[in-house]
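This report concerns only the one structure given below.
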Number of protein chains: 2
Amino acid sequence: MTIRLADAGEQNVLKPCIHDYQVNCGNCRLNSICLPLALESDDIEQLDEIIQRSKPLQKSQHLYREGDVFKSVYAVRSGAMKAYKTTDDGREQVTGFYFPGEILGMDGISNNLHASSAKALETAAVCEIPFTSLEKLSTLMPSLQRHFFQLMSREITEDQQLITLLSKNSADERVASLMLSISTRNSKRKLSATQFRLPMSRVDIGNYLGLTVETVSRVFSRMQKLDILRVDNKEIKILDVSGLQKLANVAS
Amino acid sequence: MTIRLADAGEQNVLKPCIHDYQVNCGNCRLNSICLPLALESDDIEQLDEIIQRSKPLQKSQHLYREGDVFKSVYAVRSGAMKAYKTTDDGREQVTGFYFPGEILGMDGISNNLHASSAKALETAAVCEIPFTSLEKLSTLMPSLQRHFFQLMSREITEDQQLITLLSKNSADERVASLMLSISTRNSKRKLSATQFRLPMSRVDIGNYLGLTVETVSRVFSRMQKLDILRVDNKEIKILDVSGLQKLANVAS
DNA sequence: AGCACACCTTGACGCATATCAAGGATAGAA
DNA sequence: TTCTATCCTTGATATGCGTCAAGGTGTGCT
């Protein structure tokens with residue numbers, strides 16, 4: 001079986017290797033998102049050495065589960081992941097969606113146990129970054145230490161954004177915000193900011209935003225009627241960005 | 001003017017100094033919460049040297065404001081603080097309450113700007129920990145580096161708890177959870193787990209939990225009627241812990 | 001002590017979103 | 001292709017919490 005990743009193709013020409021999903025950090029297309037480091041090139045090589053690239057995950061396969069011993073954080077290389085917790089009464093709470101270049105698993109550091117589960121929303125490849133190696137390397141490379149402090153801090157500010165969204169905003173505003181967030185993250189990866197395919201189901205969206213499926217569906221219908229979005233199942237086209245921003249109630 | 005802190009009294013007998021609010025980390029009563037480090041005593045001394053202890057904040061005084069340049073994180077030494085963000089449309093979102101031994105300000109690391117404001121809920125003393133010094137020290141002391149990774153990770157998991165609470169739980173469950181959280185944090189500080197004075201207003205509670213003042217007030221009345229709490233303005237007495245846990249919908 | 005202002009409580013009512021229900025669309029399997 | 005399971009949409013109804021309104025309580029200032 002040949003595994004072929006969209007991002008890996010060009011590298012293979014230059015640098016063939018046993019598995020064609022092998023890439024290295026130095027020429028990974030995503031390193032500006034994943035590691036916006038002021039790293040010297042031999043620093044990157046050191047980092048590259050500790051990172052493990054494993055076989056892609058199939059859709060709905062778990063990367064780790066809540067309660068697993070924490071060993072590594074992970075960078076998404078292709079595809080998309082969701083993180084979720086199971087509440088005491090057995091329901092699920094989606095805590096985040098992760099796209100290529102984004103890091104997940106940092107919530108496991110505090111107790112050495114993963115505080116949430118991570119599951120592939122579609123076929124996905126990840127880079128595994130063993131945390132003890134990362135810690136050691138961080139003491140040697142101040143810029144790497146700083147970068148990880150920043151990454152974790154960003155996770156905190158993003159969670160606080162979501163808290164505000166859940167606490168203060170209407171269903172329309174929540175869905176609009178998520179669409180804008182995905183749009184922004186896409187454009188950081190040099191993909192279309194106005195047209196994309198949602199990797200997650202309506203249930204996941206609702207779960208993440210504290211809404212029911214029905215409400216999410218109705219919001220999409222409403223936005224379509226207002227010519228703000230064109231929704232065709234999971235295909236989204238943003239027709240009116242500023243209208244969407246107005247709906248999301250954010251300063252552009 | 002003489003400033004006197006509850007925690008500082010006994011230290012002054014042993015180690016008088018210019019300001020009687022001066023304490024050091026080595027004999028601070030809170031160091032088991034603030035720094036549960038496997039630090040050697042001379043490590044603690046090094047940490048102690050970078051920490052600045054300033055004059056207490058008066059009620060409603062700001063420690064920092066959203067958008068301020070980020071220089072330090074802060075440990076609460078006495079009193080209580082709240083952190084909040086101002087939304088694009090000018091409303092306030094309380095993102096956390098901080099009690100003695102707890103650390104705030106870590107959301108400023110990612111952009112070198114504070115992502116939220118911090119305000120004293122009552123007269124409060126804080127320890128200022130300059131971040132660049134902390135970073136330098138962390139490269140030299142792996143256990144300190146690890147500790148800060150853990151602290152930030154804990155902030156992430158706590159935010160995720162709040163996300164779940166806001167997304168899935170009723171008004172009763174939210175208020176019950178907050179009461180249990182304060183109770184737990186009190187007992188970590190060797191204070192009563194069943195009787196305490198809330199430092200924050202009903203507005204702040206509602207704001208934090210995504211509820212209106214009126215709803216918070218009604219929940220308190222309801223819990224009082226059920227003999228779960230005794231509420232006398234800001235004085236809270238928990239009469240039925242397991243009843244409260246049941247209301248909060250958490251596994252005890 | 002007396003006043004003023006902020007904070008808290010309670011009630012009546014309305015609305016946004018959940019819930020319940022049913023049918024349609026889509027995608028993977030045989 | 002056809003079957004089947006999952007996902008999505010839409011409508012009708014219910015409800016928890018917000019909103020509006022009014023009055024009470026506590027606290028700090030003069």
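So you can find residues: chains in the structure tokens are A, B, ... in the order shown, residues in each start at 1, and ligands are numbered from 1 in order.
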Let's see if you can do this: from backbone DSSP, list all strand (DSSP E) residues in region 59-223 of chain A, as JSON, numbers by chain. {"A": [62, 63, 64, 72, 73, 74, 75, 76, 77, 78, 81, 82, 83, 84, 85, 86, 92, 93, 94, 95, 96, 97, 98, 103, 104, 117, 118, 119, 120, 125, 126, 127, 128, 129, 130, 195, 196, 197]}
inquiry  = For a quick test of understanding: name the residues of chain A lying within 9 Å of chain D when counting only C-alpha atoms (C1' of nucleotides), and present them as a PyMOL selection string.
reply    = chain A and resi 201-203+213-214+217-218+221+233
Export of the given selection (N, CA, C and O atoms) as a JSON list (two decimals), in the first residue's frame:
```
[["chain", "number", "residue", "atom", "x", "y", "z"],
["A", 201, "SER", "N", -18.40, 16.98, 11.59],
["A", 201, "SER", "CA", -19.85, 16.87, 11.40],
["A", 201, "SER", "C", -20.57, 18.04, 12.08],
["A", 201, "SER", "O", -19.98, 18.76, 12.89],
["A", 202, "ARG", "N", -21.83, 18.18, 11.78],
["A", 202, "ARG", "CA", -22.66, 19.19, 12.46],
["A", 202, "ARG", "C", -22.73, 18.91, 13.95],
["A", 202, "ARG", "O", -22.78, 19.82, 14.77],
["A", 203, "VAL", "N", -22.77, 17.63, 14.29],
["A", 203, "VAL", "CA", -22.80, 17.25, 15.71],
["A", 203, "VAL", "C", -21.56, 17.80, 16.43],
["A", 203, "VAL", "O", -21.67, 18.40, 17.50],
["A", 213, "VAL", "N", -27.37, 19.99, 17.21],
["A", 213, "VAL", "CA", -27.25, 19.84, 15.75],
["A", 213, "VAL", "C", -28.29, 20.66, 15.03],
["A", 213, "VAL", "O", -28.00, 21.30, 14.02],
["A", 214, "GLU", "N", -29.51, 20.57, 15.52],
["A", 214, "GLU", "CA", -30.62, 21.26, 14.86],
["A", 214, "GLU", "C", -30.36, 22.75, 14.76],
["A", 214, "GLU", "O", -30.57, 23.37, 13.70],
["A", 217, "SER", "N", -27.73, 23.52, 12.18],
["A", 217, "SER", "CA", -28.30, 23.37, 10.85],
["A", 217, "SER", "C", -29.17, 24.58, 10.48],
["A", 217, "SER", "O", -29.07, 25.13, 9.38],
["A", 218, "ARG", "N", -29.98, 25.00, 11.43],
["A", 218, "ARG", "CA", -30.82, 26.17, 11.18],
["A", 218, "ARG", "C", -29.99, 27.44, 10.95],
["A", 218, "ARG", "O", -30.33, 28.27, 10.09],
["A", 221, "SER", "N", -28.75, 27.37, 7.46],
["A", 221, "SER", "CA", -29.83, 27.69, 6.52],
["A", 221, "SER", "C", -30.10, 29.18, 6.50],
["A", 221, "SER", "O", -30.26, 29.78, 5.43],
["A", 233, "ASN", "N", -23.74, 20.71, 2.04],
["A", 233, "ASN", "CA", -23.27, 19.70, 2.98],
["A", 233, "ASN", "C", -22.02, 20.21, 3.71],
["A", 233, "ASN", "O", -22.13, 21.15, 4.48]]
```
Distance table requested - chain A against chain C, cut-off 9 Å, only C-alpha atoms (C1' of nucleotides): one row per qualifying residue with the closest atom pair and its distance in Å to one decimal, ordered by chain and rising residue number, as JSON lines.
```
{"residue": "A:Ser170", "atom": "CA", "partner": "C:DA16", "partner_atom": "C1'", "distance": 8.3}
{"residue": "A:Ala171", "atom": "CA", "partner": "C:DT17", "partner_atom": "C1'", "distance": 8.3}
{"residue": "A:Leu211", "atom": "CA", "partner": "C:DT17", "partner_atom": "C1'", "distance": 8.1}
{"residue": "A:Thr212", "atom": "CA", "partner": "C:DA18", "partner_atom": "C1'", "distance": 7.4}
{"residue": "A:Thr215", "atom": "CA", "partner": "C:DT17", "partner_atom": "C1'", "distance": 7.3}
{"residue": "A:Asn233", "atom": "CA", "partner": "C:DT26", "partner_atom": "C1'", "distance": 8.9}
```
Per residue of chain A within 8 Å of chain B, which atom pair is closest and at what distance in Å (one decimal), using only C-alpha atoms, listed by chain and increasing number, as CSV?
```
residue,atom,partner,partner_atom,distance
A:Thr87,CA,B:Thr164,CA,7.9
A:Asp88,CA,B:Val250,CA,5.6
A:Asp89,CA,B:Asn249,CA,7.2
A:Gln93,CA,B:Thr164,CA,6.1
A:Thr95,CA,B:Gln160,CA,6.6
A:Met106,CA,B:Ser153,CA,6.3
A:Asp107,CA,B:Ser153,CA,5.1
A:Gly108,CA,B:Ser153,CA,7.0
A:Ile109,CA,B:Gln150,CA,5.5
A:Ser110,CA,B:Gln150,CA,4.1
A:Asn111,CA,B:Gln150,CA,7.6
A:Ala115,CA,B:Thr157,CA,6.9
A:Glu135,CA,B:Arg146,CA,7.5
A:Lys136,CA,B:Pro142,CA,7.8
A:Ser138,CA,B:Thr139,CA,7.2
A:Thr139,CA,B:Thr139,CA,4.2
A:Leu140,CA,B:Thr139,CA,6.9
A:Pro142,CA,B:Thr139,CA,6.8
A:Gln145,CA,B:Glu135,CA,7.9
A:Arg146,CA,B:Glu135,CA,7.5
A:Phe149,CA,B:Ile109,CA,6.9
A:Gln150,CA,B:Ser110,CA,4.1
A:Leu151,CA,B:Ser110,CA,6.6
A:Met152,CA,B:Met152,CA,6.6
A:Ser153,CA,B:Asp107,CA,5.1
A:Arg154,CA,B:Ser110,CA,5.3
A:Glu155,CA,B:Ile156,CA,7.0
A:Ile156,CA,B:Ile156,CA,5.5
A:Thr157,CA,B:Asp107,CA,5.7
A:Asp159,CA,B:Asp159,CA,6.2
A:Gln160,CA,B:Thr95,CA,6.6
A:Leu162,CA,B:Ile163,CA,7.2
A:Ile163,CA,B:Ile163,CA,5.6
A:Thr164,CA,B:Gln93,CA,6.1
A:Leu166,CA,B:Leu166,CA,6.3
A:Ser167,CA,B:Gly210,CA,4.3
A:Lys168,CA,B:Gly210,CA,6.5
A:Asn207,CA,B:Ser167,CA,7.9
A:Tyr208,CA,B:Ser167,CA,7.9
A:Leu209,CA,B:Ser167,CA,7.0
A:Gly210,CA,B:Ser167,CA,4.2
A:Leu211,CA,B:Ser167,CA,7.6
A:Asn249,CA,B:Asp88,CA,7.2
A:Val250,CA,B:Asp88,CA,5.7
A:Ala251,CA,B:Asp88,CA,6.1
```
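From CA of Glu102 (chain B) back to CA of Ser187 (chain B), the distance works out to 13.7 Å.
One distance worth recording is that between CA of Tyr98 (chain A) and CA of Ser72 (chain A), which is 15.9 Å.
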Students should find that CA of Ile103 (chain B) and CA of Leu198 (chain B) are spaced 19.1 Å
